[in-house]
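Enquirer: Below is the file upload_7.txt, with compact mmCIF, C-alpha atoms.
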```txt
# COMPACT_ATOMS: atom_id res chain seq x y z
CA MET M 227 -29.10 -9.93 -148.66
CA LYS M 228 -27.73 -12.65 -146.45
CA TYR M 229 -27.72 -10.19 -143.55
CA ARG M 230 -31.41 -9.39 -144.12
CA MET M 231 -32.32 -13.08 -144.11
CA GLU M 232 -30.47 -13.66 -140.89
CA LYS M 233 -32.13 -10.63 -139.32
CA ASN M 234 -35.64 -11.44 -140.46
CA PRO M 235 -35.66 -15.01 -141.73
CA LEU M 236 -39.44 -15.55 -141.74
CA THR M 237 -40.27 -13.26 -144.66
CA LEU M 238 -42.22 -14.45 -147.67
CA GLU M 239 -39.32 -13.45 -149.88
CA ALA M 240 -36.88 -15.59 -147.94
CA GLU M 241 -39.31 -18.47 -148.09
CA ARG M 242 -39.65 -18.12 -151.87
CA GLU M 243 -35.88 -18.11 -152.31
CA LEU M 244 -35.43 -21.25 -150.24
CA THR M 245 -38.33 -22.99 -151.95
CA SER M 246 -37.13 -22.20 -155.45
CA GLU M 247 -33.63 -23.38 -154.59
CA ILE M 248 -35.03 -26.67 -153.33
CA ARG M 249 -37.19 -27.04 -156.42
CA GLN M 250 -34.13 -26.51 -158.59
CA LEU M 251 -32.17 -29.09 -156.65
CA ALA M 252 -35.08 -31.54 -156.74
CA GLY M 253 -35.42 -31.00 -160.45
CA SER M 254 -31.96 -32.41 -161.06
CA PRO M 255 -31.78 -35.83 -162.76
CA GLU M 256 -30.71 -37.41 -159.49
CA ALA M 257 -33.75 -36.27 -157.65
CA GLY M 258 -36.84 -37.43 -159.54
CA GLU M 259 -40.36 -37.45 -158.06
CA THR M 260 -41.86 -40.69 -156.76
CA SER M 261 -43.91 -42.70 -159.21
CA ARG M 262 -47.69 -42.31 -159.11
CA PRO M 263 -49.78 -45.43 -158.50
CA ALA M 264 -51.61 -46.85 -161.53
CA ASP M 265 -55.14 -45.60 -162.33
CA ALA M 266 -56.65 -48.94 -161.34
CA TYR M 267 -55.30 -48.41 -157.85
CA TRP M 268 -57.67 -45.50 -157.19
CA GLN M 269 -60.79 -47.38 -158.22
CA ASN M 270 -59.67 -50.38 -156.23
CA LEU M 271 -58.92 -48.16 -153.24
CA ILE M 272 -62.53 -46.93 -153.10
CA ILE M 273 -63.82 -50.51 -153.23
CA ARG M 274 -61.51 -51.53 -150.38
CA ILE M 275 -62.50 -48.53 -148.28
CA ASN M 276 -66.20 -49.22 -148.84
CA ARG M 277 -65.65 -52.81 -147.75
CA LYS M 278 -63.90 -51.63 -144.61
CA ILE M 279 -66.73 -49.23 -143.88
CA ASP M 280 -69.23 -52.10 -144.29
CA ASN M 281 -67.25 -54.22 -141.84
CA ALA M 282 -66.90 -51.37 -139.38
CA THR M 283 -70.58 -50.41 -139.50
CA SER M 284 -71.76 -54.02 -139.20
CA ALA M 285 -69.42 -54.53 -136.25
CA ARG M 286 -70.79 -51.37 -134.69
CA ALA M 287 -74.39 -52.46 -135.36
CA LEU M 288 -73.61 -55.84 -133.85
CA SER M 289 -72.17 -54.24 -130.78
CA ILE M 290 -75.21 -51.94 -130.47
CA SER M 291 -77.65 -54.85 -130.81
CA TRP M 292 -75.59 -56.85 -128.35
CA ALA M 293 -75.74 -53.93 -125.97
CA ALA M 294 -79.49 -53.60 -126.47
CA ARG M 295 -80.23 -57.28 -126.03
CA VAL M 296 -77.73 -58.36 -123.41
CA ALA M 297 -75.63 -55.68 -121.79
CA ILE M 298 -78.26 -53.04 -121.01
CA PRO M 299 -80.87 -55.46 -119.54
CA GLY M 300 -78.08 -57.15 -117.60
CA VAL M 301 -76.88 -53.89 -116.13
CA VAL M 302 -80.46 -52.88 -115.29
CA ALA M 303 -81.04 -56.22 -113.54
CA ILE M 304 -77.82 -55.93 -111.52
CA VAL M 305 -78.56 -52.34 -110.52
CA SER M 306 -82.14 -53.27 -109.52
CA PHE M 307 -80.83 -56.16 -107.47
CA LEU M 308 -78.31 -53.97 -105.70
CA VAL M 309 -80.93 -51.28 -105.02
CA GLY M 310 -83.29 -53.92 -103.66
CA LEU M 311 -80.56 -55.37 -101.54
CA HIS M 312 -79.74 -51.99 -100.14
CA TYR M 313 -83.30 -50.97 -99.30
CA TYR M 314 -84.96 -54.20 -98.22
CA VAL M 315 -82.46 -56.59 -96.71
CA PRO M 316 -81.00 -54.13 -94.25
CA ASP M 317 -84.57 -53.26 -93.22
CA ALA M 318 -85.24 -56.88 -92.49
CA ALA M 319 -82.01 -57.13 -90.57
CA ARG M 320 -82.85 -54.02 -88.62
CA ARG M 321 -86.35 -55.31 -87.66
CA GLU M 322 -86.76 -55.30 -83.90
CA PRO M 323 -87.46 -58.68 -82.31
CA SER M 324 -91.00 -59.27 -81.18
CA VAL M 325 -91.93 -60.14 -77.63
CA ALA M 326 -92.53 -63.71 -78.80
CA GLU M 327 -88.96 -63.93 -80.11
CA VAL M 328 -87.57 -62.57 -76.88
CA LEU M 329 -89.53 -65.09 -74.92
CA LEU M 330 -88.48 -67.96 -77.17
CA ALA M 331 -84.90 -67.10 -76.42
CA LEU M 332 -85.46 -67.60 -72.71
CA PRO M 333 -84.17 -70.76 -70.94
CA PRO M 334 -86.52 -73.78 -71.12
CA ALA M 335 -87.28 -73.71 -67.42
CA ALA M 336 -88.42 -70.12 -67.64
CA MET M 337 -90.47 -70.93 -70.72
CA ASP M 338 -92.31 -73.73 -68.97
CA SER M 339 -93.60 -71.35 -66.38
CA LEU M 340 -95.01 -69.08 -69.07
CA LEU M 341 -96.49 -71.62 -71.45
CA VAL M 342 -99.37 -72.58 -69.29
CA ASP M 343 -101.95 -70.42 -67.70
CA PRO M 344 -101.30 -70.99 -63.98
CA SER M 345 -105.04 -70.84 -63.32
CA ARG M 346 -105.41 -73.93 -65.48
CA LEU M 347 -102.32 -75.64 -64.16
CA ASP M 348 -103.27 -79.18 -63.56
CA PRO M 349 -101.29 -82.46 -63.48
CA SER M 350 -103.73 -83.89 -66.01
CA LEU M 351 -103.03 -81.11 -68.56
CA SER M 352 -102.64 -82.61 -72.03
CA VAL M 353 -100.13 -81.58 -74.71
CA GLU M 354 -103.00 -80.11 -76.75
CA ASP M 355 -103.92 -77.89 -73.85
CA VAL M 356 -100.37 -76.72 -73.53
CA SER M 357 -100.15 -75.99 -77.25
CA ALA M 358 -103.39 -74.06 -77.16
CA ASN M 359 -101.93 -71.94 -74.42
CA LEU M 360 -98.69 -71.32 -76.17
CA PHE M 361 -97.91 -67.60 -76.03
CA VAL M 362 -101.35 -66.81 -74.87
CA PHE M 363 -100.56 -65.17 -71.62
CA SER M 364 -101.55 -62.02 -69.93
CA ARG M 365 -99.48 -58.98 -69.20
CA GLN M 366 -99.72 -59.87 -65.58
CA GLN M 367 -98.13 -63.27 -66.20
CA ILE M 368 -95.23 -61.71 -68.05
CA ALA M 369 -94.71 -59.18 -65.31
CA GLU M 370 -94.76 -61.80 -62.65
CA TYR M 371 -92.23 -63.84 -64.51
CA PHE M 372 -89.81 -60.99 -64.86
CA ILE M 373 -90.16 -59.87 -61.27
CA ASP M 374 -89.71 -63.38 -59.96
CA ASN M 375 -86.79 -64.30 -62.19
CA GLY M 376 -84.21 -61.65 -61.72
CA ASN M 377 -83.16 -58.49 -63.55
CA PRO M 378 -86.00 -57.15 -65.72
CA GLY M 379 -83.68 -54.66 -67.41
CA ALA M 380 -81.51 -57.42 -68.95
CA ALA M 381 -84.57 -59.10 -70.39
CA VAL M 382 -85.65 -56.06 -72.34
CA ASP M 383 -82.23 -55.28 -73.87
CA GLY M 384 -82.98 -57.17 -77.04
CA ILE M 385 -86.49 -55.87 -77.74
CA SER M 386 -87.73 -52.73 -79.42
CA ASP M 387 -88.18 -49.50 -77.55
CA ARG M 388 -91.91 -49.68 -77.94
CA GLU M 389 -92.08 -53.22 -76.62
CA ALA M 390 -89.59 -52.43 -73.89
CA ASN M 391 -91.64 -49.45 -72.79
CA THR M 392 -94.76 -51.60 -72.70
CA VAL M 393 -93.03 -54.29 -70.69
CA LEU M 394 -91.40 -51.81 -68.32
CA ALA M 395 -94.67 -49.99 -67.80
CA VAL M 396 -96.35 -53.25 -66.90
CA LEU M 397 -93.49 -54.19 -64.62
CA SER M 398 -93.48 -50.81 -62.99
CA SER M 399 -97.19 -50.83 -62.22
CA GLU M 400 -96.98 -54.39 -61.00
CA TYR M 401 -93.96 -53.62 -58.86
CA LYS M 402 -95.66 -50.60 -57.30
CA GLN M 403 -98.72 -52.61 -56.67
CA ARG M 404 -96.71 -55.37 -54.96
CA THR M 405 -94.51 -53.09 -52.92
CA GLY M 406 -97.56 -51.13 -51.95
CA ASP M 407 -99.20 -54.35 -50.80
CA MET M 408 -96.16 -55.28 -48.74
CA PRO M 409 -96.35 -54.50 -45.06
CA MET O 37 -75.28 -29.69 -163.92
CA GLU O 38 -73.13 -28.09 -161.22
CA PRO O 39 -71.19 -30.41 -158.95
CA ARG O 40 -72.59 -30.64 -155.47
CA SER O 41 -70.64 -28.99 -152.67
CA ASP O 42 -68.86 -31.03 -150.01
CA ILE O 43 -71.36 -29.89 -147.40
CA ASP O 44 -74.27 -31.07 -149.56
CA LEU O 45 -72.61 -34.45 -149.98
CA VAL O 46 -71.93 -34.70 -146.26
CA GLN O 47 -75.60 -33.95 -145.61
CA GLU O 48 -76.62 -36.65 -148.08
CA VAL O 49 -74.39 -39.17 -146.34
CA ARG O 50 -76.00 -38.23 -143.05
CA ASN O 51 -79.37 -38.83 -144.63
CA GLY O 52 -78.26 -42.35 -145.48
CA ARG O 53 -77.07 -41.99 -149.07
CA ARG O 54 -73.81 -43.90 -149.00
CA GLN O 55 -73.06 -43.11 -152.64
CA ALA O 56 -72.42 -39.50 -151.63
CA PHE O 57 -69.49 -40.62 -149.50
CA THR O 58 -68.02 -42.47 -152.46
CA GLU O 59 -68.18 -39.17 -154.33
CA LEU O 60 -66.30 -37.46 -151.49
CA MET O 61 -63.68 -40.21 -151.56
CA ARG O 62 -63.27 -39.77 -155.31
CA ARG O 63 -62.69 -36.07 -154.77
CA TYR O 64 -60.06 -36.36 -152.08
CA GLN O 65 -58.47 -39.79 -152.20
CA GLU O 66 -55.49 -38.69 -154.29
CA ARG O 67 -54.74 -35.64 -152.16
CA VAL O 68 -55.10 -37.62 -148.97
CA TYR O 69 -52.90 -40.35 -150.43
CA TRP O 70 -50.13 -37.93 -151.35
CA VAL O 71 -50.11 -36.08 -148.07
CA ALA O 72 -49.87 -39.44 -146.29
CA ARG O 73 -47.28 -40.79 -148.68
CA ARG O 74 -45.06 -37.75 -148.29
CA ILE O 75 -45.22 -37.94 -144.53
CA VAL O 76 -44.89 -41.70 -144.05
CA GLY O 77 -42.63 -42.19 -147.05
CA SER O 78 -43.91 -45.52 -148.35
CA HIS O 79 -46.79 -46.55 -150.57
CA ASP O 80 -47.97 -49.37 -148.30
CA ASP O 81 -48.20 -47.19 -145.22
CA ALA O 82 -49.84 -44.40 -147.20
CA ASP O 83 -52.38 -46.91 -148.52
CA ASP O 84 -53.24 -47.93 -144.95
CA VAL O 85 -53.49 -44.32 -143.86
CA VAL O 86 -55.87 -43.41 -146.71
CA GLN O 87 -58.17 -46.32 -145.92
CA GLU O 88 -58.16 -45.60 -142.23
CA THR O 89 -58.73 -41.89 -142.86
CA PHE O 90 -61.90 -42.43 -144.87
CA VAL O 91 -63.27 -45.14 -142.58
CA LYS O 92 -62.68 -42.89 -139.60
CA ALA O 93 -64.22 -39.93 -141.40
CA TYR O 94 -67.31 -41.96 -142.32
CA LEU O 95 -67.82 -43.20 -138.78
CA ALA O 96 -67.24 -39.75 -137.30
CA LEU O 97 -69.27 -37.81 -139.86
CA GLY O 98 -71.86 -37.07 -137.20
CA GLU O 99 -69.23 -35.10 -135.30
CA PHE O 100 -68.31 -32.98 -138.32
CA ARG O 101 -69.86 -29.62 -137.47
CA GLY O 102 -68.79 -27.76 -140.59
CA ASP O 103 -66.69 -25.18 -138.69
CA SER O 104 -63.92 -25.88 -141.17
CA SER O 105 -64.24 -27.32 -144.67
CA PHE O 106 -64.63 -31.05 -145.17
CA PHE O 107 -61.26 -31.02 -146.91
CA THR O 108 -59.53 -29.45 -143.88
CA TRP O 109 -61.25 -31.90 -141.56
CA ILE O 110 -60.24 -34.96 -143.56
CA TYR O 111 -56.71 -33.62 -144.01
CA ARG O 112 -56.43 -33.29 -140.24
CA ILE O 113 -57.41 -36.93 -139.82
CA ALA O 114 -54.93 -38.00 -142.50
CA VAL O 115 -52.03 -35.98 -141.05
CA ASN O 116 -52.68 -37.26 -137.54
CA LEU O 117 -52.87 -40.86 -138.74
CA SER O 118 -49.69 -40.39 -140.78
CA LEU O 119 -47.84 -39.03 -137.76
CA ASN O 120 -49.16 -41.93 -135.69
CA THR O 121 -47.81 -44.33 -138.30
CA LEU O 122 -44.39 -42.71 -138.02
CA ARG O 123 -44.49 -43.01 -134.23
CA LYS O 124 -45.49 -46.66 -134.44
CA ARG O 125 -42.67 -47.27 -136.84
CA GLN O 126 -40.20 -45.64 -134.46
CA VAL O 127 -41.41 -47.87 -131.64
CA LEU O 128 -41.13 -50.95 -133.85
CA ASN O 129 -37.65 -49.95 -134.90
CA TYR O 130 -36.69 -49.53 -131.29
CA LEU O 131 -38.08 -52.95 -130.44
CA HIS O 132 -36.32 -54.53 -133.38
CA GLU O 133 -33.07 -53.02 -132.30
CA SER O 134 -33.51 -54.12 -128.73
CA GLU O 135 -34.18 -57.65 -129.92
CA LEU O 136 -31.05 -57.67 -132.00
CA LEU O 137 -33.14 -57.92 -135.12
CA SER O 138 -31.19 -54.98 -136.43
CA ARG O 139 -28.66 -57.52 -137.65
CA ILE O 140 -31.07 -58.77 -140.26
CA LEU O 141 -33.26 -55.68 -140.78
CA PRO O 142 -32.20 -52.40 -142.36
CA SER O 143 -30.75 -49.90 -139.89
CA ALA O 144 -33.32 -47.53 -138.42
CA ASP O 145 -30.79 -45.03 -137.11
CA ASP O 146 -31.15 -42.93 -140.18
CA PRO O 147 -34.75 -42.59 -141.43
CA ALA O 148 -33.57 -41.47 -144.82
CA LYS O 149 -31.39 -44.54 -145.19
CA GLU O 150 -34.25 -46.76 -144.15
CA LEU O 151 -36.48 -45.17 -146.75
CA GLU O 152 -33.82 -45.61 -149.35
CA ASN O 153 -33.60 -49.27 -148.53
CA SER O 154 -37.32 -49.92 -148.67
CA GLU O 155 -38.10 -48.16 -151.95
CA THR O 156 -36.46 -46.13 -154.60
CA HIS O 157 -36.97 -42.58 -153.45
CA SER O 158 -36.02 -39.18 -154.66
CA ALA O 159 -33.42 -37.10 -152.86
CA LEU O 160 -36.17 -34.73 -151.82
CA GLN O 161 -38.14 -37.51 -150.15
CA ARG O 162 -35.06 -38.72 -148.35
CA ALA O 163 -34.50 -35.18 -147.16
CA VAL O 164 -38.10 -34.93 -145.94
CA ALA O 165 -37.70 -38.23 -144.13
CA THR O 166 -34.97 -36.72 -141.98
CA LEU O 167 -37.25 -33.98 -140.63
CA PRO O 168 -38.90 -34.13 -137.20
CA GLU O 169 -42.56 -35.04 -137.51
CA LYS O 170 -44.03 -31.57 -137.00
CA GLN O 171 -41.70 -30.00 -139.53
CA LYS O 172 -42.40 -32.86 -141.88
CA ALA O 173 -46.15 -32.28 -141.73
CA VAL O 174 -45.78 -28.53 -142.27
CA PHE O 175 -43.32 -29.04 -145.10
CA VAL O 176 -45.61 -31.48 -146.91
CA LEU O 177 -48.67 -29.27 -146.61
CA ARG O 178 -46.85 -26.07 -147.59
CA TYR O 179 -44.27 -27.20 -150.11
CA TYR O 180 -46.25 -29.82 -151.99
CA ASP O 181 -49.85 -28.79 -151.40
CA GLU O 182 -49.06 -25.07 -151.36
CA MET O 183 -51.56 -24.50 -148.60
CA THR O 184 -51.62 -21.13 -146.84
CA TYR O 185 -50.38 -20.93 -143.27
CA GLU O 186 -53.94 -20.25 -142.14
CA GLU O 187 -55.17 -23.45 -143.79
CA ILE O 188 -52.28 -25.44 -142.34
CA GLY O 189 -53.03 -23.90 -138.96
CA ARG O 190 -56.58 -25.19 -139.20
CA VAL O 191 -55.39 -28.66 -140.17
CA LEU O 192 -52.69 -28.95 -137.52
CA LYS O 193 -54.43 -26.72 -134.97
CA THR O 194 -51.29 -24.63 -134.52
CA SER O 195 -50.55 -20.91 -134.61
CA VAL O 196 -49.33 -19.33 -137.83
CA GLY O 197 -46.16 -18.02 -136.14
CA GLY O 198 -45.17 -21.50 -134.98
CA LEU O 199 -45.89 -22.93 -138.41
CA LYS O 200 -43.70 -20.36 -140.14
CA ALA O 201 -40.80 -21.11 -137.82
CA ASN O 202 -41.25 -24.84 -138.38
CA TYR O 203 -41.42 -24.41 -142.14
CA PHE O 204 -38.26 -22.32 -142.27
CA HIS O 205 -36.35 -24.84 -140.22
CA ALA O 206 -37.62 -27.57 -142.51
CA LEU O 207 -36.68 -25.66 -145.68
CA ARG O 208 -33.14 -25.06 -144.46
CA LYS O 209 -32.63 -28.68 -143.44
CA VAL O 210 -33.99 -29.98 -146.73
CA ARG O 211 -31.82 -27.59 -148.72
CA GLU O 212 -28.70 -28.60 -146.82
CA TYR O 213 -29.47 -32.27 -147.21
CA MET O 214 -30.00 -31.95 -150.93
CA ARG O 215 -26.92 -29.84 -151.46
CA ASN O 216 -24.83 -32.45 -149.67
CA GLU O 217 -26.48 -35.29 -151.54
CA ILE O 218 -25.86 -33.71 -154.93
CA GLN O 219 -22.27 -32.85 -154.01
CA ASP O 220 -21.69 -36.46 -152.95
CA GLY O 221 -23.22 -37.68 -156.22
CA GLU O 222 -20.86 -35.52 -158.23
CA LYS O 223 -17.75 -36.92 -156.55
CA PRO O 224 -15.93 -39.71 -158.40
CA PRO O 225 -16.55 -43.16 -156.80
CA HIS O 226 -13.10 -43.61 -155.26
CA ALA O 227 -12.16 -40.00 -154.69
```
Would it be possible to restate this file's structure as structure tokens?

Expert:
Amino acid sequence: MKYRMEKNPLTLEAERELTSEIRQLAGSPEAGETSRPADAYWQNLIIRINRKIDNATSARALSISWAARVAIPGVVAIVSFLVGLHYYVPDAARREPSVAEVLLALPPAAMDSLLVDPSRLDPSLSVEDVSANLFVFSRQQIAEYFIDNGNPGAAVDGISDREANTVLAVLSSEYKQRTGDMP
Amino acid sequence: MEPRSDIDLVQEVRNGRRQAFTELMRRYQERVYWVARRIVGSHDDADDVVQETFVKAYLALGEFRGDSSFFTWIYRIAVNLSLNTLRKRQVLNYLHESELLSRILPSADDPAKELENSETHSALQRAVATLPEKQKAVFVLRYYDEMTYEEIGRVLKTSVGGLKANYFHALRKVREYMRNEIQDGEKPPHA
């Protein structure tokens, strides 16, 4: 018998033998079963569990309402802000400078020569006249300025391709015209 | 009037009838209590486990798909929580020891001794307390609850072969412990 148990210990028969031996041992006066809680305990246990469920569900409801009122709108606002920041601010930063901006960045002496229409240049010119002429100048005036004042390429570095092309086209035609006029 | 099935009660709870869950608790509280008590070994811990089991079950009732019975599902929660309680206790014991609190607290080297110190327990319970946690869970479900290996497999999510091996190891250890205990009890005090 012992040999069979060693050989194949996981049989139902072997399990029954072991179990019944343990039950016999546990049935001895020294090995009594643990005492059962009083009947009132069970009723009280249900009340306590129900109270815990109430607390847990109200805490969960609170957290859901908090999420609905505060967290979700907050997250939406932050995400919207970040999306806006990504799509609009970089666009603004990437905006090409206008011709006016390029010209404003020029040295004051160069500016003075552009502010006033040379045809109206007069010692009696008032400030109002100058202001009225501000940035109102012809393509020809711009071209003349660039040709007379050094490297035209450097002046167009900071402007958009479209504006640069316009300026360079004007310069080119003006330059050809002048060189053609030269003896 | 025929009693409603567990599935019917679960459906009622889902439909918002809380009273149906109280009915489910009434049905299973004692069984859940005893499985927890036999694993954790003390009334207070078992009491905590039962409460936590039902609260967890109530909150997770939406996830209960009915693949297994409600009883199996709730048993699984109870066994897992009981094993967690044992693990927490082991960690606490370790911390107590490391903080030299072992001088004033009962020794945690021997789980059976600890159990003996905390409450008056039977020899069988002390024997069960010495088992590793997996064997303990299988022993409780098979020996006390007389569940089939298939049912235990569904509760513990383990193969039947593994469960049988665990149960046999547990049975042998318990038998040896009890034999020794009874032999010691029969010896005269100063022999």

Enquirer: What are the residues of chain O that have an atom within 6 Å of an atom of chain M, counting only C-alpha atoms, as a ChimeraX atom specification?

Expert: /O:87,91,158-160,211

Enquirer: Between O:Glu217, O:Val174, O:Gly52, O:Phe90, which has the minimum distance to O:Thr194 (counting all atoms listed in the file)?

Expert: O:Val174

Enquirer: In Å, rounded to a single decimal, give me how far atom CA of O:Thr121 is from atom CA of O:Asp81.

Expert: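 If I compute the distance from atom CA of O:Asp81 to atom CA of O:Thr121, I get 7.5 Å.
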
Enquirer: State, in Å with one decimal place, the distance from atom CA of O:Gly189 to atom CA of O:Ile110.

Expert: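 We find that atom CA of O:Gly189 and atom CA of O:Ile110 lie 14.0 Å from each other.
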
Enquirer: Record the distance separating atom CA of O:Tyr130 and atom CA of O:Val76, expressed in Å with one decimal.

Expert: 17.1 Å
